[in-house]
>>> print(open('my_file03.csv').read())   # CSV, C-alpha atoms
chain,number,residue,atom,x,y,z
A,1,MET,CA,0.0,0.0,0.0
A,2,LYS,CA,2.8,2.4,0.9
A,3,LYS,CA,4.5,1.6,-2.4
A,4,LYS,CA,1.3,2.5,-4.3
A,5,ILE,CA,1.0,5.8,-2.4
A,6,SER,CA,4.6,6.6,-3.2
A,7,LEU,CA,4.1,5.9,-6.9
A,8,CYS,CA,1.0,8.1,-7.0
A,9,PHE,CA,2.8,10.9,-5.3
A,10,MET,CA,5.7,10.7,-7.8
A,11,PHE,CA,3.2,10.6,-10.6
A,12,LEU,CA,1.5,13.8,-9.4
A,13,LEU,CA,4.8,15.5,-8.9
A,14,ILE,CA,5.9,14.6,-12.5
A,15,ILE,CA,2.6,16.0,-13.9
A,16,HIS,CA,3.2,19.2,-12.0
A,17,PHE,CA,6.5,19.8,-13.9
A,18,LEU,CA,5.0,18.8,-17.3
A,19,THR,CA,2.4,21.6,-17.4
A,20,GLY,CA,3.7,22.8,-20.8
A,21,CYS,CA,4.7,26.3,-21.9
A,22,TRP,CA,2.3,28.3,-19.8
A,23,SER,CA,3.7,31.6,-20.9
A,24,ARG,CA,3.8,30.7,-24.6
A,25,THR,CA,3.0,33.2,-27.3
A,26,GLU,CA,2.1,32.1,-30.8
A,27,LEU,CA,4.1,33.4,-33.7
A,28,ASN,CA,1.0,35.0,-35.3
A,29,GLU,CA,0.5,37.0,-32.2
A,30,LEU,CA,3.9,38.8,-32.4
A,31,ALA,CA,5.1,41.9,-34.3
A,32,ILE,CA,8.8,41.1,-34.9
A,33,VAL,CA,10.9,44.2,-34.6
A,34,THR,CA,14.1,44.3,-36.7
A,35,ALA,CA,15.2,47.9,-36.0
A,36,MET,CA,14.3,50.7,-33.6
A,37,GLY,CA,14.8,54.4,-33.9
A,38,ILE,CA,14.8,56.9,-31.0
A,39,ASP,CA,14.3,60.6,-31.6
A,40,LYS,CA,13.7,63.7,-29.6
A,41,SER,CA,10.2,65.2,-29.6
A,42,GLU,CA,8.5,68.1,-27.9
A,43,GLU,CA,6.7,65.7,-25.6
A,44,GLY,CA,9.8,63.7,-24.8
A,45,TYR,CA,10.6,60.9,-27.3
A,46,ASN,CA,9.6,59.6,-30.7
A,47,VAL,CA,10.1,55.8,-31.0
A,48,SER,CA,10.0,54.2,-34.4
A,49,VAL,CA,10.0,50.5,-35.0
A,50,GLN,CA,10.6,48.6,-38.2
A,51,ILE,CA,8.4,45.4,-38.2
A,52,LEU,CA,8.5,42.4,-40.5
A,53,ASN,CA,5.5,41.9,-42.8
A,54,PRO,CA,5.5,38.0,-42.7
A,55,SER,CA,3.0,37.6,-45.5
A,56,GLU,CA,5.5,39.3,-47.9
A,57,LEU,CA,8.5,37.4,-46.7
A,58,ALA,CA,7.0,33.9,-46.8
A,59,GLY,CA,7.0,31.9,-50.0
A,60,ASN,CA,7.3,33.2,-53.6
A,61,ALA,CA,3.9,34.9,-54.0
A,62,ARG,CA,4.1,38.7,-53.8
A,63,SER,CA,1.2,41.1,-53.3
A,64,GLY,CA,3.2,44.2,-54.0
A,65,ARG,CA,3.2,45.3,-50.4
A,66,THR,CA,6.4,46.1,-48.5
A,67,GLU,CA,8.4,43.5,-46.5
A,68,VAL,CA,8.6,45.8,-43.5
A,69,VAL,CA,6.4,48.4,-42.0
A,70,ARG,CA,7.5,51.4,-40.0
A,71,PHE,CA,5.4,52.6,-37.0
A,72,THR,CA,6.1,55.7,-34.9
A,73,GLN,CA,4.6,57.0,-31.6
A,74,SER,CA,5.6,59.6,-29.1
A,75,GLY,CA,5.6,59.7,-25.3
A,76,LYS,CA,7.0,61.4,-22.2
A,77,THR,CA,9.3,58.4,-21.8
A,78,ILE,CA,10.5,55.7,-24.2
A,79,THR,CA,8.5,53.0,-22.5
A,80,GLU,CA,5.3,55.1,-22.8
A,81,ALA,CA,6.0,55.6,-26.5
A,82,VAL,CA,6.5,51.9,-27.1
A,83,ARG,CA,3.3,51.1,-25.3
A,84,ARG,CA,1.4,53.6,-27.4
A,85,LEU,CA,2.6,51.7,-30.5
A,86,SER,CA,-0.1,49.1,-29.5
A,87,THR,CA,-2.7,51.6,-30.6
A,88,ASP,CA,-1.4,51.2,-34.2
A,89,ILE,CA,0.0,47.6,-34.2
A,90,PRO,CA,-2.4,44.7,-33.8
A,91,ARG,CA,0.3,42.4,-32.4
A,92,ARG,CA,2.6,42.3,-29.3
A,93,ILE,CA,5.9,43.9,-30.1
A,94,TYR,CA,8.7,41.4,-29.9
A,95,VAL,CA,12.3,42.6,-29.8
A,96,ALA,CA,14.4,39.4,-29.5
A,97,HIS,CA,15.4,39.7,-33.2
A,98,LEU,CA,16.4,43.4,-33.0
A,99,SER,CA,19.5,44.0,-35.0
A,100,GLU,CA,19.8,47.7,-35.1
A,101,VAL,CA,19.1,50.7,-32.8
A,102,ILE,CA,19.5,54.2,-34.3
A,103,PHE,CA,19.6,57.4,-32.4
A,104,GLY,CA,18.6,60.6,-34.1
A,105,GLU,CA,21.4,63.2,-34.1
A,106,GLU,CA,19.4,65.7,-32.0
A,107,ILE,CA,18.8,63.2,-29.2
A,108,ALA,CA,22.4,62.0,-29.4
A,109,LYS,CA,23.6,65.6,-28.6
A,110,ASP,CA,21.2,65.8,-25.6
A,111,GLY,CA,22.3,62.4,-24.3
A,112,ILE,CA,21.5,58.8,-24.9
A,113,GLY,CA,22.0,57.5,-21.3
A,114,LYS,CA,18.3,57.3,-20.5
A,115,ALA,CA,17.6,55.4,-23.7
A,116,LEU,CA,20.3,52.9,-22.9
A,117,ASP,CA,18.9,52.4,-19.4
A,118,VAL,CA,15.6,51.4,-21.0
A,119,LEU,CA,17.2,49.1,-23.6
A,120,SER,CA,19.4,47.3,-21.0
A,121,ARG,CA,16.4,46.5,-18.8
A,122,GLN,CA,14.5,44.5,-21.5
A,123,HIS,CA,14.7,40.8,-20.7
A,124,GLU,CA,13.7,39.8,-24.2
A,125,MET,CA,16.3,42.0,-25.9
A,126,ARG,CA,19.7,40.5,-26.7
A,127,SER,CA,22.8,42.7,-26.5
A,128,ASP,CA,24.4,41.8,-29.8
A,129,PHE,CA,22.6,44.4,-31.9
A,130,TYR,CA,24.5,47.4,-33.2
A,131,LEU,CA,23.9,51.0,-32.2
A,132,THR,CA,24.4,53.9,-34.6
A,133,VAL,CA,23.7,57.6,-35.0
A,134,ALA,CA,21.6,59.1,-37.9
A,135,ARG,CA,23.9,61.9,-39.2
A,136,GLY,CA,22.0,65.0,-40.2
A,137,SER,CA,18.6,63.4,-39.9
A,138,SER,CA,16.2,61.6,-37.6
A,139,ALA,CA,16.3,57.9,-36.9
A,140,ALA,CA,12.8,57.7,-38.4
A,141,ASP,CA,14.2,59.0,-41.7
A,142,ILE,CA,16.6,56.1,-41.8
A,143,LEU,CA,14.0,53.5,-41.1
A,144,ASP,CA,11.8,54.9,-43.9
A,145,VAL,CA,14.1,53.9,-46.7
A,146,GLN,CA,13.4,50.8,-48.8
A,147,THR,CA,16.7,49.1,-49.7
A,148,ALA,CA,17.5,47.2,-52.9
A,149,TYR,CA,20.0,44.6,-51.8
A,150,SER,CA,18.1,43.3,-48.8
A,151,LYS,CA,14.3,42.9,-48.4
A,152,VAL,CA,14.7,44.0,-44.8
A,153,PRO,CA,16.5,47.4,-44.4
A,154,ALA,CA,17.7,46.6,-40.9
A,155,ASP,CA,19.5,43.5,-42.2
A,156,LYS,CA,21.1,45.7,-44.8
A,157,ILE,CA,22.4,48.1,-42.2
A,158,PHE,CA,23.6,45.3,-39.9
A,159,SER,CA,25.4,43.4,-42.7
A,160,THR,CA,26.9,46.6,-44.2
A,161,LEU,CA,28.4,47.5,-40.8
A,162,GLU,CA,29.9,44.0,-40.3
A,163,ASN,CA,31.2,43.8,-43.9
A,164,SER,CA,32.7,47.3,-43.9
A,165,GLU,CA,34.4,46.8,-40.6
A,166,LYS,CA,36.3,43.8,-42.0
A,167,ARG,CA,37.3,45.5,-45.3
A,168,TRP,CA,37.6,49.2,-44.7
A,169,ALA,CA,39.6,50.8,-41.9
A,170,ALA,CA,37.1,53.7,-41.3
A,171,THR,CA,34.3,51.5,-39.9
A,172,LYS,CA,33.6,50.2,-36.5
A,173,THR,CA,30.7,48.2,-35.0
A,174,VAL,CA,29.5,48.9,-31.5
A,175,THR,CA,27.3,46.8,-29.3
A,176,MET,CA,25.3,47.9,-26.3
A,177,ASP,CA,27.6,46.2,-23.8
A,178,GLU,CA,30.7,48.0,-25.3
A,179,LEU,CA,28.9,51.3,-25.4
A,180,ILE,CA,27.8,51.2,-21.8
A,181,SER,CA,31.2,50.0,-20.7
A,182,ASN,CA,32.9,53.0,-22.3
A,183,ILE,CA,30.3,55.5,-21.0
A,184,VAL,CA,31.0,54.4,-17.4
A,185,SER,CA,34.7,54.0,-17.9
A,186,LYS,CA,37.0,56.6,-16.2
A,187,GLY,CA,39.7,56.5,-18.9
A,188,LYS,CA,37.9,55.9,-22.2
A,189,GLU,CA,35.0,57.7,-24.0
A,190,PRO,CA,32.6,56.0,-26.4
A,191,VAL,CA,32.1,56.3,-30.2
A,192,LEU,CA,29.4,55.2,-32.5
A,193,MET,CA,29.2,54.9,-36.3
A,194,GLY,CA,27.1,57.3,-38.2
A,195,ILE,CA,24.7,56.4,-41.0
A,196,TYR,CA,23.0,58.7,-43.4
A,197,VAL,CA,20.4,58.8,-46.1
A,198,TYR,CA,21.7,59.8,-49.5
A,199,GLY,CA,19.5,60.7,-52.5
A,200,ASP,CA,15.9,61.8,-52.5
A,201,ARG,CA,14.4,61.1,-49.1
A,202,GLU,CA,10.9,61.6,-50.4
A,203,THR,CA,11.1,58.6,-52.7
A,204,GLY,CA,13.1,56.5,-50.3
A,205,SER,CA,10.0,55.0,-48.6
A,206,ASP,CA,8.4,54.0,-51.9
A,207,VAL,CA,8.5,50.3,-52.5
A,208,THR,CA,9.8,50.9,-56.0
A,209,ASN,CA,13.0,52.4,-54.6
A,210,GLY,CA,14.2,48.9,-53.7
A,211,GLN,CA,13.2,47.5,-57.1
A,212,ASN,CA,15.3,49.9,-59.2
A,213,ILE,CA,18.7,48.7,-60.5
A,214,SER,CA,20.0,52.1,-59.4
A,215,PRO,CA,18.0,53.2,-56.4
A,216,LYS,CA,17.4,57.0,-56.0
A,217,THR,CA,17.7,56.7,-52.3
A,218,GLY,CA,19.9,54.6,-50.0
A,219,ILE,CA,21.5,54.2,-46.6
A,220,SER,CA,25.3,54.3,-46.2
A,221,VAL,CA,27.8,54.0,-43.3
A,222,ASP,CA,29.2,57.5,-42.5
A,223,SER,CA,31.7,59.0,-40.2
A,224,THR,CA,32.6,58.2,-36.5
A,225,ALA,CA,30.5,60.0,-33.8
A,226,VAL,CA,32.6,61.3,-30.9
A,227,PHE,CA,30.9,61.2,-27.5
A,228,LYS,CA,31.7,62.6,-24.0
A,229,LYS,CA,30.0,60.2,-21.7
A,230,ASP,CA,26.5,59.8,-23.3
A,231,LYS,CA,26.5,63.1,-25.3
A,232,LEU,CA,27.5,63.5,-29.0
A,233,LEU,CA,30.2,66.1,-29.4
A,234,GLY,CA,30.8,65.9,-33.1
A,235,TRP,CA,32.1,63.8,-36.0
A,236,LEU,CA,35.4,62.5,-37.3
A,237,ASN,CA,35.9,62.5,-41.0
A,238,GLU,CA,37.0,59.4,-42.9
A,239,ALA,CA,40.7,60.0,-42.5
A,240,ASP,CA,40.5,60.6,-38.8
A,241,SER,CA,38.1,57.6,-38.4
A,242,ILE,CA,40.8,55.4,-40.0
A,243,GLY,CA,43.4,56.8,-37.6
A,244,PHE,CA,41.2,56.1,-34.6
A,245,ASN,CA,40.7,52.5,-35.7
A,246,TYR,CA,44.4,52.0,-36.1
A,247,VAL,CA,45.0,53.2,-32.5
A,248,THR,CA,42.3,51.0,-31.1
A,249,ASP,CA,43.6,48.0,-33.0
A,250,ASN,CA,40.3,47.7,-35.0
A,251,VAL,CA,41.7,47.3,-38.5
A,252,ASP,CA,41.5,43.8,-40.1
A,253,ASN,CA,41.8,44.6,-43.8
A,254,THR,CA,41.8,47.8,-45.8
A,255,ALA,CA,43.3,49.5,-48.9
A,256,VAL,CA,46.0,52.2,-48.7
A,257,THR,CA,46.7,54.4,-51.7
A,258,VAL,CA,50.1,56.1,-51.9
A,259,PRO,CA,51.7,58.3,-54.6
A,260,CYS,CA,54.4,57.0,-56.9
A,261,GLU,CA,56.2,58.1,-60.0
A,262,GLY,CA,53.6,59.3,-62.6
A,263,GLY,CA,50.6,58.1,-60.6
A,264,LYS,CA,49.6,56.2,-57.6
A,265,SER,CA,49.7,52.7,-56.1
A,266,THR,CA,47.3,50.8,-53.8
A,267,ILE,CA,48.5,48.4,-51.1
A,268,VAL,CA,46.0,46.0,-49.6
A,269,THR,CA,46.6,45.6,-45.9
A,270,PHE,CA,45.9,42.1,-44.7
A,271,SER,CA,47.4,42.2,-41.2
A,272,THR,CA,47.8,44.9,-38.5
A,273,SER,CA,48.6,44.9,-34.8
A,274,THR,CA,48.7,47.9,-32.5
A,275,LYS,CA,50.2,48.1,-29.0
A,276,VAL,CA,49.7,51.1,-26.8
A,277,LYS,CA,52.0,51.7,-23.8
A,278,GLY,CA,51.7,54.4,-21.2
A,279,LYS,CA,53.9,55.8,-18.4
A,280,ILE,CA,54.1,58.8,-16.2
A,281,VAL,CA,57.5,60.7,-16.2
A,282,LYS,CA,58.0,63.3,-13.5
A,283,GLY,CA,54.2,63.7,-13.2
A,284,THR,CA,53.6,64.0,-16.9
A,285,PRO,CA,51.7,61.2,-18.7
A,286,LYS,CA,53.2,59.9,-22.0
A,287,ILE,CA,51.8,57.4,-24.6
A,288,GLU,CA,53.7,55.4,-27.1
A,289,ILE,CA,51.8,53.6,-30.0
A,290,ASP,CA,53.5,50.8,-32.0
A,291,VAL,CA,51.8,49.7,-35.2
A,292,THR,CA,52.9,46.8,-37.4
A,293,GLN,CA,51.2,46.1,-40.7
A,294,GLU,CA,51.6,44.0,-43.7
A,295,GLY,CA,50.1,44.3,-47.2
A,296,ASN,CA,50.2,43.2,-50.8
A,297,ILE,CA,50.4,45.3,-53.9
A,298,GLY,CA,46.8,45.5,-55.2
A,299,GLU,CA,47.1,48.1,-58.0
A,300,VAL,CA,49.8,50.1,-59.8
A,301,GLU,CA,49.0,53.2,-61.9
A,302,CYS,CA,52.6,54.4,-62.3
A,303,THR,CA,55.8,53.5,-64.1
A,304,ILE,CA,57.7,52.0,-61.2
A,305,ASP,CA,59.7,48.8,-61.4
A,306,LEU,CA,58.7,46.4,-58.6
A,307,THR,CA,61.6,44.0,-59.3
A,308,LYS,CA,63.9,46.5,-57.7
A,309,GLN,CA,64.4,46.3,-53.9
A,310,LYS,CA,64.8,50.1,-53.8
A,311,THR,CA,61.3,50.6,-55.2
A,312,ILE,CA,59.8,48.3,-52.6
A,313,LYS,CA,61.6,50.1,-49.8
A,314,GLU,CA,60.3,53.5,-51.1
A,315,LEU,CA,56.7,52.1,-51.3
A,316,GLU,CA,57.0,50.7,-47.8
A,317,GLY,CA,58.1,54.1,-46.5
A,318,LYS,CA,55.1,55.8,-48.1
A,319,TYR,CA,52.9,53.0,-46.8
A,320,LYS,CA,54.2,53.6,-43.3
A,321,ASN,CA,53.9,57.3,-43.5
A,322,ASN,CA,50.3,57.1,-44.7
A,323,THR,CA,49.3,55.1,-41.6
A,324,LYS,CA,51.3,57.4,-39.3
A,325,GLU,CA,49.7,60.5,-40.7
A,326,HIS,CA,46.2,59.1,-40.2
A,327,ILE,CA,47.0,58.2,-36.6
A,328,GLU,CA,48.6,61.5,-35.7
A,329,GLY,CA,45.9,63.4,-37.5
A,330,ALA,CA,43.1,61.7,-35.6
A,331,ILE,CA,44.8,62.3,-32.2
A,332,LYS,CA,45.4,65.9,-33.0
A,333,THR,CA,41.8,66.4,-34.1
A,334,VAL,CA,40.3,64.8,-31.0
A,335,GLN,CA,42.7,66.6,-28.7
A,336,LYS,CA,42.1,70.0,-30.2
A,337,GLU,CA,38.3,69.9,-31.0
A,338,TYR,CA,36.8,67.5,-28.5
A,339,GLN,CA,39.1,66.8,-25.6
A,340,SER,CA,37.4,63.4,-25.3
A,341,ASP,CA,39.7,60.4,-24.8
A,342,ILE,CA,38.0,58.0,-27.3
A,343,PHE,CA,41.3,56.1,-27.7
A,344,GLY,CA,41.4,54.8,-24.1
A,345,PHE,CA,44.8,56.4,-23.2
A,346,GLY,CA,43.5,57.0,-19.7
A,347,GLU,CA,42.9,53.3,-19.2
A,348,VAL,CA,46.5,52.6,-20.5
A,349,ILE,CA,47.9,55.1,-18.0
A,350,HIS,CA,45.8,53.6,-15.2
A,351,ARG,CA,47.1,50.1,-15.9
A,352,ALA,CA,50.7,51.3,-16.1
A,353,ASP,CA,50.6,53.5,-13.0
A,354,PRO,CA,47.5,53.2,-10.8
A,355,LYS,CA,48.8,55.6,-8.2
A,356,GLY,CA,49.8,58.2,-10.7
A,357,TRP,CA,46.4,57.9,-12.4
A,358,LYS,CA,44.6,58.9,-9.3
A,359,ARG,CA,46.4,62.2,-9.4
A,360,LEU,CA,45.5,62.7,-13.1
A,361,GLU,CA,42.0,61.3,-13.1
A,362,GLN,CA,40.0,64.4,-12.0
A,363,ASN,CA,41.6,66.6,-14.7
A,364,TRP,CA,42.1,64.0,-17.4
A,365,ASP,CA,40.3,66.0,-20.1
A,366,GLN,CA,42.9,68.7,-19.7
A,367,GLU,CA,45.7,66.2,-19.5
A,368,PHE,CA,44.5,64.4,-22.5
A,369,ALA,CA,44.3,67.6,-24.6
A,370,LYS,CA,48.1,68.2,-24.1
A,371,LEU,CA,49.1,64.5,-23.9
A,372,ASP,CA,52.5,63.7,-25.5
A,373,VAL,CA,51.9,60.8,-27.9
A,374,THR,CA,54.7,59.0,-29.9
A,375,VAL,CA,53.6,57.0,-33.0
A,376,ASN,CA,55.9,54.3,-34.4
A,377,VAL,CA,54.8,52.3,-37.5
A,378,GLU,CA,56.5,49.4,-39.2
A,379,ALA,CA,55.1,48.4,-42.6
A,380,LYS,CA,56.0,45.6,-44.9
A,381,ILE,CA,55.0,44.7,-48.4
A,382,ARG,CA,54.8,40.9,-48.8
A,383,ARG,CA,53.5,40.1,-52.3
A,384,LEU,CA,53.6,42.0,-55.6
A,385,GLY,CA,50.7,40.2,-57.4
A,386,THR,CA,50.9,37.9,-60.4
A,387,ILE,CA,53.0,40.5,-62.4
A,388,THR,CA,56.1,42.4,-61.3
A,389,LYS,CA,56.4,44.8,-64.2
A,390,THR,CA,53.7,47.3,-64.9
A,391,PHE,CA,52.6,47.9,-68.6
A,392,GLN,CA,51.4,51.4,-67.9
A,393,LYS,CA,54.5,52.9,-69.6
A,394,GLU,CA,53.7,51.0,-72.8
A,395,ILE,CA,50.1,52.2,-72.7
A,396,GLU,CA,51.1,55.8,-72.3
A,397,GLU,CA,53.6,55.6,-75.1
>>> encode(input="my_file03.csv", output="structure tokens")
Amino acid sequence: MKKKISLCFMFLLIIHFLTGCWSRTELNELAIVTAMGIDKSEEGYNVSVQILNPSELAGNARSGRTEVVRFTQSGKTITEAVRRLSTDIPRRIYVAHLSEVIFGEEIAKDGIGKALDVLSRQHEMRSDFYLTVARGSSAADILDVQTAYSKVPADKIFSTLENSEKRWAATKTVTMDELISNIVSKGKEPVLMGIYVYGDRETGSDVTNGQNISPKTGISVDSTAVFKKDKLLGWLNEADSIGFNYVTDNVDNTAVTVPCEGGKSTIVTFSTSTKVKGKIVKGTPKIEIDVTQEGNIGEVECTIDLTKQKTIKELEGKYKNNTKEHIEGAIKTVQKEYQSDIFGFGEVIHRADPKGWKRLEQNWDQEFAKLDVTVNVEAKIRRLGTITKTFQKEIEE
């Protein structure tokens, strides 16, 4: 009898743990958000979401409607604005597949800290999406554009950022964890990539824009946004963005064009490494940057002879100087215009001399602005391509 009672008890206990997904939500009850835009409004915030239109993405049949739909609502807080979206969207907003958050330039100047607080509290939201700033426009303007290469504009932005970071030295991706870490850091300030709308914004939201072989409107990765804590200070141009990424060891692959006799030559960088060292000498902080890079000849538009070692050495010297000029130019720009340590030199000094850093920490902005930085670059050309002698001279003759 006792054995039967024990079996019944175990049976009831097992049933209790096999109650199923009590908190389940069916797919047809969700509005899947791929991108979110946050802008400033008179009331407080404008929140825009780009939501998948599943009927247009499933199967081969097309009705001519767009693959995504953009909705916008305003509120005193971001949470209130998101809740108000329910007055226009017939499904529950689902953010687990979010790939892009865009801040309008105006709200970025006022500060994005409150917005980040909201985003970091969402249990459904992953932290691997990218954050960007809409340069010269609102975030809603970016989310309005129909893209040609990808049916989902948010996927286009996400993939472009990843692809460009791997192949062009001016681009950097930033996730929420990295952004928040840099905001709260005592020795490093944050950056974000900028994106902008080119072409005719009025036609960008038309579904035919993405169907044209040469779209009239598009979205492109732009310059680097410089922040002080959570506030946007300004922008780095392409050359300074390249220098910044060299300093922070964020260059995987890029192309460097240097002048040569009668034209120019392009070297394709395939390997770079940056080491930053810091020290305090008689109370004065100093930074030394060592960069090593290797590249292959990718293009020659001049009459040089690559079979000569002297020619290779001359190209390596120009290759080295190009990188050094980008780095020194970026540091000078940021020191002079922004006084915001986006390079993380403060963290380097802190690691090298914790006691000395305590004396410098309170006035680091001023110390950074006059910081002595030495840049050393070593550059090597490894391969010349399948031909060693250019035929440009024969063409010109």
>>> closest_residue(input="my_file03.csv", among="A:Leu360, A:Leu384, A:Ile267, A:Leu119", to="A:Ile180", atoms="all atoms listed in the file")
A:Leu119
>>> atom_distance(input="my_file03.csv", atom1="atom CA of A:Ile342", atom2="atom CA of A:Phe227")
7.8 Å
>>> closest_residue(input="my_file03.csv", among="A:Thr77, A:Asn28, A:Ser223, A:Asn53", to="A:Ser41", atoms="all atoms listed in the file")
A:Thr77
>>> closest_atom_pairs(input="my_file03.csv", of="stretch 217-295 of chain A", to="stretch 146-151 of chain A", cutoff="12 Å", atoms="all atoms listed in the file", output="tab-separated table")
residue	atom	partner	partner_atom	distance
A:Thr217	CA	A:Thr147	CA	8.1
A:Gly218	CA	A:Thr147	CA	6.4
A:Ile219	CA	A:Thr147	CA	7.7
A:Ser220	CA	A:Thr147	CA	10.6
>>> residues_around(input="my_file03.csv", residues="A:Arg70", least_positions_apart="6", cutoff="9 Å", atoms="all atoms listed in the file", output="VMD selection string")
chain A and resid 48 to 51 140 143 to 144
>>> closest_residue(input="my_file03.csv", among="A:Phe103, A:Glu29, A:Thr66, A:Ser127", to="A:Ile89", atoms="all atoms listed in the file")
A:Glu29
>>> residues_around(input="my_file03.csv", residues="stretch 311-313 of chain A", least_positions_apart="4", cutoff="12 Å", atoms="only C-alpha atoms", output="CSV table (one decimal) with C-alpha atoms, keeping the file's coordinate frame")
chain,number,residue,atom,x,y,z
A,260,CYS,CA,54.4,57.0,-56.9
A,261,GLU,CA,56.2,58.1,-60.0
A,265,SER,CA,49.7,52.7,-56.1
A,267,ILE,CA,48.5,48.4,-51.1
A,295,GLY,CA,50.1,44.3,-47.2
A,296,ASN,CA,50.2,43.2,-50.8
A,297,ILE,CA,50.4,45.3,-53.9
A,302,CYS,CA,52.6,54.4,-62.3
A,303,THR,CA,55.8,53.5,-64.1
A,304,ILE,CA,57.7,52.0,-61.2
A,305,ASP,CA,59.7,48.8,-61.4
A,306,LEU,CA,58.7,46.4,-58.6
A,307,THR,CA,61.6,44.0,-59.3
A,317,GLY,CA,58.1,54.1,-46.5
A,318,LYS,CA,55.1,55.8,-48.1
A,319,TYR,CA,52.9,53.0,-46.8
A,320,LYS,CA,54.2,53.6,-43.3
A,378,GLU,CA,56.5,49.4,-39.2
A,379,ALA,CA,55.1,48.4,-42.6
A,380,LYS,CA,56.0,45.6,-44.9
A,381,ILE,CA,55.0,44.7,-48.4
A,382,ARG,CA,54.8,40.9,-48.8
A,383,ARG,CA,53.5,40.1,-52.3
A,384,LEU,CA,53.6,42.0,-55.6
A,388,THR,CA,56.1,42.4,-61.3
A,389,LYS,CA,56.4,44.8,-64.2
>>> closest_residue(input="my_file03.csv", among="A:Ser241, A:Ser99, A:Gln293, A:Gln122", to="A:Thr175", atoms="all atoms listed in the file")
A:Ser99
>>> decode(input="my_file03.csv", residues="stretch 118-122 of chain A", atoms="all heavy atoms", output="short mmCIF file (atom, residue, chain, number, x, y, z; two decimals), in the first residue's frame")
data_model
loop_
_atom_site.label_atom_id
_atom_site.label_comp_id
_atom_site.auth_asym_id
_atom_site.auth_seq_id
_atom_site.Cartn_x
_atom_site.Cartn_y
_atom_site.Cartn_z
N VAL A 118 16.78 52.11 -20.61
CA VAL A 118 15.57 51.38 -21.00
C VAL A 118 15.93 50.12 -21.77
O VAL A 118 15.42 49.03 -21.50
CB VAL A 118 14.66 52.28 -21.86
CG1 VAL A 118 13.46 51.49 -22.37
CG2 VAL A 118 14.19 53.49 -21.06
N LEU A 119 16.83 50.24 -22.74
CA LEU A 119 17.20 49.10 -23.58
C LEU A 119 17.84 47.98 -22.76
O LEU A 119 17.59 46.79 -22.99
CB LEU A 119 18.16 49.55 -24.68
CG LEU A 119 17.60 50.55 -25.71
CD1 LEU A 119 18.70 51.01 -26.65
CD2 LEU A 119 16.46 49.92 -26.51
N SER A 120 18.67 48.36 -21.80
CA SER A 120 19.38 47.34 -21.02
C SER A 120 18.48 46.61 -20.04
O SER A 120 18.85 45.56 -19.51
CB SER A 120 20.55 47.99 -20.26
OG SER A 120 20.08 48.96 -19.35
N ARG A 121 17.28 47.13 -19.77
CA ARG A 121 16.36 46.50 -18.83
C ARG A 121 15.44 45.47 -19.48
O ARG A 121 14.78 44.71 -18.78
CB ARG A 121 15.49 47.57 -18.15
CG ARG A 121 16.23 48.47 -17.20
CD ARG A 121 15.33 49.54 -16.61
NE ARG A 121 16.08 50.47 -15.79
CZ ARG A 121 16.37 50.29 -14.51
NH1 ARG A 121 15.95 49.19 -13.89
NH2 ARG A 121 17.05 51.19 -13.84
N GLN A 122 15.41 45.44 -20.82
CA GLN A 122 14.47 44.55 -21.51
C GLN A 122 14.98 43.11 -21.50
O GLN A 122 16.02 42.81 -22.10
CB GLN A 122 14.25 45.02 -22.95
CG GLN A 122 13.83 46.48 -23.06
CD GLN A 122 12.64 46.80 -22.18
OE1 GLN A 122 11.60 46.13 -22.25
NE2 GLN A 122 12.77 47.84 -21.36
#
